[in-house]
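Colleague: Sending over a structure as C-alpha cells; questions will come in a sec.
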Amino acid sequence: MKIHLSFVLWILMAVVVAGQAKPHRKTKTNNQPNADIKSDCAGSHMTLTLDEVLAVGNQLDIEATNGSEHILLTPGLAAKCGYSMESDPWGNTRIYTSLMGCYVDNIDDTFFNIGLRLKMYSDGTSDVVTRDVTKTCSYSAWASQEIVCDRNYMEISKDLGQRDASPHTKGHAGNIKDDLTNNAMLNVNDAAYGIWKMTFYTPEPTVMMLDEVHEAGYGAMTSPNRLVVRSPYNTTQTYSEDVAGVPMEVVKVGTYFTTPQGLRIVDLMAACPTGGVTVYDGTISWNIPRYITPLLTGRVKILEMHMGINGKRLDKAQMASRGYTLSSTDYHLVIELPIGSPDGYFKSHAPDYQYHLSYTVEPMLELLWIAKDTQSDTRYKVLFPITTPLMRWYPDIADETIPEEGVFKVKFGTLLHDVNLVNITFSTGVRSAAECNAKGFLQEQKYSNGSKVYLLQVPFSDDVVLKQNPEPLLTAYFLPLTYGFMVMPEETPFSYSLAVDASLNDVVLPSVFGTCDDATFFITVKYGSQGRNFETMLGTQMLTPELGRVYGQTENGTHLSLSLPYTSLDVAFELFDTSSVKARLDVLLWEPINNWSLSEFSLACNFPLTTTKCYSNGTMTALSVKVESVPNLVPHQLTLRDKSCKPYFSDDRFAHFSFNVNACGTSRVFFGNYLLYENDISLDDSAKAYTSPVEPDFRHTVSCYYLVNDMATLEFDNKPLVNIPSAEIGTGQLMVEMRLALDESYELFYQAQDYPVQKYLRQPAYFEVALLHSANPQLELILDNCWATLQEERTSLPRWDIIVDGCENLEDRYITTFHPVVSDQRVVVPSLFKRFSVKVFSFVKDKEVLQDEMYVHCDAVICDLNAGNGVCSQCRGSTGVRQPVAAKGQRVQRSTT
C-alpha cells in the first residue's frame with residue numbers, strides 16, 4: 001500500500017471529556033466574542049467547532065446548560081443524552097449535540113435552544129477560561145422515524161402522531177397482549193403521562209422500569225410530538241448481527257408510555273454498522289448494506305441518498321473536488337475516499353521503533369426511504385469515524401550536497417507535527433538536537449499545514465565526517481548518521497539511519513624543490529593539503545629519523561628541509577671531468593598505504609672537484625669516480641695501464657691514484673714547447689667479469705703537460721759572500737690535530753665544550769687528523785696506528801685497534817672506513833689531512849657491557865713525497881694486519897637505538 005504524503009498533516013491533541021475532580025482553580029469568564037468558536041445547525045444536529053488556539057495545551061470540560069444549572073457531560077452521560085465529540089491532531093475540536101438531546105430547550109419540535117459551557121484548564125497555571133455558547137436551530141423536516149448512528153450512541157426517534165402498525169410490533173403481539181393483561185390494574189387516570197417501562201429484546205425480552213433504564217445508561221424521553229430512545233454501543237441489551245457481510249450492532253426495544261388517551265406501546269429498532277471498511281492502494285472503501293434487514297421486513301424505496309463529512313452533507317461538486325464517490329451495488333452502498341484527503345488527518349506512531357502513520361476521516365451517510373406498504377418514511381444517518389491500519393512510512397531523503405561547496409546538505413522529511421527530533425548519532429557520538437542547532441548543523445523547516453522537514457548541513461572538514469582517498473587526487477567524504485525521533489504525546493521513540501557521501505578532487509599533493517651550492521644539495525619538501533601523510537625516498541634509501549639527523553632535517557607544519565653533501569651515498573654521479581663532477585639527487589614522495597607515487601623530483605648540479613693534479617717533481621695524482629652508468633664498478637678494482645698500479649686509497653665511490661709520470665705505463669708526447677703525459681684508469685680483465693654485459697667499458701684518461709722550452713730573464717748581482725751557508729741537521733715541532741666531525745661532509749666539528757660526545761652503538765663517528773701550520777705539498781700525513789681505550793692514558797688497557805700499520809683492522813667485524821680528502825676553501829693541501837670513520841662500539845668485561853667513556857688515540861707519520869719509494873701510502877702492509885703489542889679487551893656492537 002503506497003501513500004503519497006501530499007495532503008494536510010495533523011497531529012493528535014487529546015481533548016478530554018471527563019468527570020474527574022479538578023483542583024481548585026481561579027475561574028475567568030471570557031466576555032470576548034467567540035470568534036474562535038463556530039456553531040452550525042446540520043439537520044437533526046448542532047455542531048460546535050473550537051479552533052486550535054483554544055484547545056492546544058488545554059484540558060477541556062463541557063457542561064450542558066439547563067436553565068441556571070450547568071451539568072458536566074461525562075462520557076457516560078454524553079452517550080445517554082445525545083452528545084459526542086471528535087478532536088483532530090491540531091486541537092480542532094467538534095462537539096455534536098442531538099436536537100433531541102437532554103437539556104435542549106425544545107419548542108414544538110421545531111425550534112431548539114442549546115446552551116453549552118466550555119471550561120479550559122491550562123497546564124501549569126491555576127486559571128480556568130470559561131466560554132458560554134448558545135445556539136438556536138430550526139428543524140422541521142422530521143421523518144416518521146429517524147435513526148442516527150453517532151460516534152458513541154444509537155438514537156431512534158418516532159413521531160407519536162401515527163399509530164404503530166409496524167410488522168415488528170405485530171410480530172410481538174403475543175408479548176404485548178401479555179403485558180396489557182399484566183398491567184390491567186394500572187389506573188391510567190392516576191399515572192403521570194410519559195414513559196412507564198421498556199422491554200429490550202436481545203432477542204429474549206428484558207423489562208426495565210424507566211428509572212432502571214436510565215440507571216443502565218440508556219436515554220428515553222418524549223418530546224411534544226416524538227418518542228426518543230438512545231443506547232450506547234456495546235451494552236448488555238444490544239447485540240451484533242451480520243448484514244450482507246457487514247457487522248452491525250442492533251437494539252430493539254418496546255416502549256410503554258401513558259397518554260391522555262390511555263396506555264400505548266411503540267416498538268423501536270436501530271441497527272448501526274461497526275465495520276465494512278477496507279483499505280487498498282491508497283483508498284478507503286466503506287460498505288453499508290443497501291437493505292438493512294433488521295429494520296426492514298417489506299419493500300422500500302430509497303428517496304434520498306447523501307454523503308457527507310463531519311456531519312455535513314456534500315454536494316456533487318464538493319465530492320468531485322475531493323475525489324469522493326458514493327455508489328451502489330446489488331447489496332451495498334459504497335463510499336470511497338482517498339487516503340490523505342483534506343477532511344481527515346494523519347497521526348504518527350512508532351511500534352517496534354519504526355515510523356508508521358494512520359489516517360482518520362469521518363464520512364457520513366444519510367438515507368431517506370419509504371415503506372411501500374405503510375408509506376411511512378425513515379431517515380437513516382450514520383456518522384462513522386474511520387482510522388486506517390498503521391502504514392509504514394519512509395520519509396524522503398534529499399541529498400542536496402554540492403561537493404564543490406564542501407558541505408553535506410541533507411533534507412529529511414516530511415514528518416508530522418507530532419514528531420520531534422531528539423538527537424543525531426554521528427560516527428563520533430550522539431549530539432542532541434539543541435547541540436546540532438548551536439553548532440549550525442540543523443535547521444527545522446515548518447509548512448503551513450504543520451508538517452516539517454529537517455535540513456542538516458555538515459562541513460566536510462568537521463570531525464564527524466569520515467574521509468578516505470581512493471585515488472591520489474580524490475577525497476571521498478562519508479557521513480553516516482542516525483536521526484532519533486519521539487512521537488508526541490505518547491513519547492514513543494523511533495530512529496532512521498542513513499549515509500551520504502561525496503567525492504571531490506581537492507587533494508593538493510606534496511611537492512619538492514631544491515638548489516645547490518659548491519658542495520651541498522638543499523632540498524625542501526612542501527606538504528600538501530593532507531599534511532605529512534607520505535614517506536620520502538632519497539635515491540634508493542628511505543628517509544628515517546636517524547638519516548634525517550645526519551642530513552640536518554628541519555621541519556614545521558608545512559615544510560621539510562634537508563641538506564645533503566654531494567658525496568652522500570644517496571647521490572648518484574652522472575659524469576665527471578678534470579675540474580667538476582655532475583651529481584644528481586632523486587627524491588620520491590610516496591603514500592605507503594596504497595603505494596602511490598605522490599611526487600618525483602630530480603636535481604642535478606655540477607660540483608667543483610679536482611680529479612687530476614700535476615706536480616713539478618713529476619708526480620701525478622688522479623681521482624676516479626664511480627658513475628651511474630656503470631653501477632657494478634668496484635673502485636678498488638681500477639688500475640692504471642700498468643695493472644700493478646692500483647689505487648692507494650679507495651672506497652665505494654672513489655679511487656685515488658698517485659704515481660710518477662715515468663711509471664705505471666704513462667705515455668708522453670711532445671706538442672711544441674709542451675710535453676704531455678697521459679695514462680688511463682680502467683678495469684682489468686678479471687674485474688670486468690663482475691660487471692654487466694650491457695654496461696659500458698669504464699675508461700678514464702688522465703694527463704699532465706709541462707712546458708719544456710721556456711725563456712726567462714734572471715737578474716743577479718755578483719757579490720762575494722761573507723758567510724758561506726751550510727745545511728745542518730736540526731729539530732723542530734710539527735703540530736697534528738685530531739677532531740670529530742658532525743657528519744661525513746667534514747664541514748662542522750664538535751667543539752671542546754661538546755665533549756664527551758654521546759653516540760649510539762653502530763652510529764658512525766667521523767675523525768679527521770690534520771698537520772697544522774704547513775702548506776708544503778711535498779709532505780703527506782700518514783696514520784700509522786689508531787686505537788681506543790677506556791682511560792685517557794694512551795697505554796692503558798683494555799685497548800682495541802682501529803688502524804694497524806696504516807691499514808684497517810681486518811679482525812674487526814665492522815672495518816674502519818677511510819674517506820678521501822679534496823681541496824676546498826679550508827683544505828689547501830689534501831695530503832696533509834686524513835679522514836676515517838668508525839662505527840661506535842663498547843667494551844665488554846666478564847660478559848657485561850661497559851658504558852664508560854672511551855678515548856681514541858693515533859700515531860701519525862709525516863712523509864716526504866720526494867722520496868718516491870712508495871713508503872708514504874696509507875696502507876703499506878702486505879696483509880694490513882699486525883699483532884697488537886698489548887692485550888686487547890673484548891668489544892661488542894649492537895643494532896642500536
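By order in the C-alpha cells, chains are A, B, ...; within a chain, residues start at 1; ligands start at 1, following the order shown.
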Extract, using only C-alpha atoms, all DNA, RNA and protein residues at most 10 Å from Leu783 (chain A), discarding same-chain residues fewer than 4 positions from it, and format them as number ranges by chain.

Modeller: A: 769, 803-807, 833-836, 858-862, 873-875

Colleague: Take the residues just selected and output them with all heavy atoms as a CSV table (one decimal), in the first residue's frame.

Modeller:
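Written file, result_39.csv:
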chain,number,residue,atom,x,y,z
A,769,VAL,N,92.3,13.9,11.0
A,769,VAL,CA,93.6,14.2,11.6
A,769,VAL,C,94.3,15.1,10.6
A,769,VAL,O,94.4,14.8,9.3
A,769,VAL,CB,94.4,12.9,11.8
A,769,VAL,CG1,95.8,13.2,12.4
A,769,VAL,CG2,93.7,11.9,12.7
A,803,ILE,N,93.2,1.2,13.5
A,803,ILE,CA,94.1,1.2,12.4
A,803,ILE,C,95.4,0.6,12.8
A,803,ILE,O,96.0,0.9,13.8
A,803,ILE,CB,94.4,2.7,11.9
A,803,ILE,CG1,93.0,3.3,11.4
A,803,ILE,CG2,95.4,2.7,10.7
A,803,ILE,CD1,93.2,4.7,11.0
A,804,VAL,N,95.9,-0.3,12.0
A,804,VAL,CA,97.1,-1.1,12.3
A,804,VAL,C,98.0,-1.0,11.1
A,804,VAL,O,97.7,-1.4,10.0
A,804,VAL,CB,96.8,-2.6,12.6
A,804,VAL,CG1,98.1,-3.3,12.9
A,804,VAL,CG2,95.8,-2.7,13.8
A,805,ASP,N,99.3,-0.5,11.3
A,805,ASP,CA,100.2,-0.3,10.2
A,805,ASP,C,99.6,0.5,9.1
A,805,ASP,O,99.9,0.1,7.9
A,805,ASP,CB,100.8,-1.6,9.8
A,805,ASP,CG,101.7,-2.3,10.8
A,805,ASP,OD1,102.2,-1.5,11.7
A,805,ASP,OD2,101.8,-3.5,10.8
A,806,GLY,N,98.8,1.5,9.4
A,806,GLY,CA,98.3,2.3,8.3
A,806,GLY,C,97.1,1.7,7.6
A,806,GLY,O,96.5,2.3,6.7
A,807,CYS,N,96.6,0.5,8.0
A,807,CYS,CA,95.5,-0.2,7.4
A,807,CYS,C,94.4,-0.4,8.3
A,807,CYS,O,94.5,-0.3,9.6
A,807,CYS,CB,96.0,-1.5,6.8
A,807,CYS,SG,97.3,-1.4,5.5
A,833,PHE,N,96.0,15.9,5.3
A,833,PHE,CA,94.8,15.5,6.0
A,833,PHE,C,94.5,14.1,5.8
A,833,PHE,O,94.7,13.5,4.7
A,833,PHE,CB,93.5,16.3,5.6
A,833,PHE,CG,93.6,17.8,5.9
A,833,PHE,CD1,94.3,18.7,5.1
A,833,PHE,CD2,92.9,18.3,6.9
A,833,PHE,CE1,94.4,20.0,5.4
A,833,PHE,CE2,92.9,19.7,7.2
A,833,PHE,CZ,93.6,20.5,6.5
A,834,LYS,N,94.0,13.4,6.9
A,834,LYS,CA,93.5,12.1,6.7
A,834,LYS,C,92.1,12.0,7.5
A,834,LYS,O,91.9,12.6,8.6
A,834,LYS,CB,94.4,11.0,7.3
A,834,LYS,CG,95.6,10.7,6.5
A,834,LYS,CD,95.2,10.1,5.2
A,834,LYS,CE,96.4,9.8,4.3
A,834,LYS,NZ,96.9,11.0,3.7
A,835,ARG,N,91.2,11.3,6.8
A,835,ARG,CA,89.8,11.1,7.4
A,835,ARG,C,89.4,9.7,7.4
A,835,ARG,O,89.7,8.9,6.5
A,835,ARG,CB,88.8,11.9,6.6
A,835,ARG,CG,89.0,13.4,6.6
A,835,ARG,CD,88.1,14.2,5.6
A,835,ARG,NE,88.3,15.6,5.7
A,835,ARG,CZ,87.9,16.5,4.8
A,835,ARG,NH1,87.2,16.0,3.8
A,835,ARG,NH2,88.1,17.8,4.9
A,836,PHE,N,88.8,9.3,8.5
A,836,PHE,CA,88.3,7.9,8.6
A,836,PHE,C,87.1,7.9,9.6
A,836,PHE,O,86.9,8.8,10.3
A,836,PHE,CB,89.4,6.9,9.1
A,836,PHE,CG,89.8,7.2,10.6
A,836,PHE,CD1,89.2,6.5,11.7
A,836,PHE,CD2,90.8,8.1,10.9
A,836,PHE,CE1,89.6,6.8,13.0
A,836,PHE,CE2,91.2,8.3,12.2
A,836,PHE,CZ,90.6,7.7,13.2
A,858,CYS,N,95.9,8.2,18.2
A,858,CYS,CA,96.5,7.9,16.9
A,858,CYS,C,98.0,8.3,16.9
A,858,CYS,O,98.4,9.3,17.6
A,858,CYS,CB,95.8,8.7,15.8
A,858,CYS,SG,94.3,8.0,15.3
A,859,ASP,N,98.8,7.4,16.3
A,859,ASP,CA,100.2,7.8,15.9
A,859,ASP,C,100.2,8.2,14.5
A,859,ASP,O,99.7,7.4,13.6
A,859,ASP,CB,101.1,6.6,16.2
A,859,ASP,CG,101.3,6.3,17.7
A,859,ASP,OD1,101.1,7.2,18.4
A,859,ASP,OD2,101.5,5.1,18.0
A,860,ALA,N,100.9,9.3,14.2
A,860,ALA,CA,100.9,9.8,12.8
A,860,ALA,C,102.4,9.8,12.4
A,860,ALA,O,103.3,10.0,13.1
A,860,ALA,CB,100.3,11.2,12.7
A,861,VAL,N,102.6,9.7,11.1
A,861,VAL,CA,103.9,9.7,10.4
A,861,VAL,C,103.8,10.8,9.3
A,861,VAL,O,102.8,10.9,8.6
A,861,VAL,CB,104.3,8.4,9.8
A,861,VAL,CG1,105.6,8.5,9.1
A,861,VAL,CG2,104.3,7.3,10.9
A,862,ILE,N,104.8,11.7,9.3
A,862,ILE,CA,104.9,12.7,8.2
A,862,ILE,C,106.0,12.2,7.2
A,862,ILE,O,107.1,12.0,7.6
A,862,ILE,CB,105.3,14.1,8.8
A,862,ILE,CG1,104.4,14.4,9.9
A,862,ILE,CG2,105.3,15.1,7.7
A,862,ILE,CD1,102.9,14.5,9.5
A,873,SER,N,102.3,5.7,1.8
A,873,SER,CA,100.9,5.4,1.4
A,873,SER,C,100.2,4.9,2.6
A,873,SER,O,100.8,4.4,3.5
A,873,SER,CB,100.9,4.3,0.3
A,873,SER,OG,101.5,3.2,0.8
A,874,GLN,N,98.9,5.2,2.7
A,874,GLN,CA,98.2,5.0,3.9
A,874,GLN,C,98.1,3.5,4.3
A,874,GLN,O,98.2,3.2,5.5
A,874,GLN,CB,96.7,5.5,3.7
A,874,GLN,CG,95.9,5.4,5.0
A,874,GLN,CD,96.5,6.1,6.2
A,874,GLN,OE1,96.7,7.3,6.2
A,874,GLN,NE2,96.8,5.3,7.2
A,875,CYS,N,98.0,2.6,3.4
A,875,CYS,CA,98.0,1.2,3.8
A,875,CYS,C,99.2,0.5,3.1
A,875,CYS,O,99.1,0.2,1.9
A,875,CYS,CB,96.7,0.5,3.4
A,875,CYS,SG,96.5,-1.2,4.0

Colleague: Write out as a PyMOL selection string the set of residues from region 265-476 of chain A that DSSP, computed on the backbone, places in strand (DSSP E).

Modeller: chain A and resi 265-273+277-280+283-289+300-309+312-313+325-328+332-338+345-349+356-361+363-371+377-383+386-387+391-392+396-399+407-415+419-426+429-432+442-446+452-459+466-471+474-476

Colleague: What lies within 8 Å of region 733-739 of chain A using only C-alpha atoms, ignoring chain neighbours under 6 positions off, as a ChimeraX atom specification?

Modeller: /A:749-750,767-773

Colleague: Calculate how many Å separate CA of Thr817 (chain A) from CA of Tyr551 (chain A), rounding to one decimal.

Modeller: 19.5 Å

Colleague: Write out as a list in words which residues come within 7 Å of Val419 (chain A) when counting only C-alpha atoms, dropping same-chain ones fewer than 2 positions away.

Modeller: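 Once the nearby chain positions are removed, what remains is Leu415, Leu416, His417, Leu421, Phe485, Met486, Val487 and Met488 of chain A.
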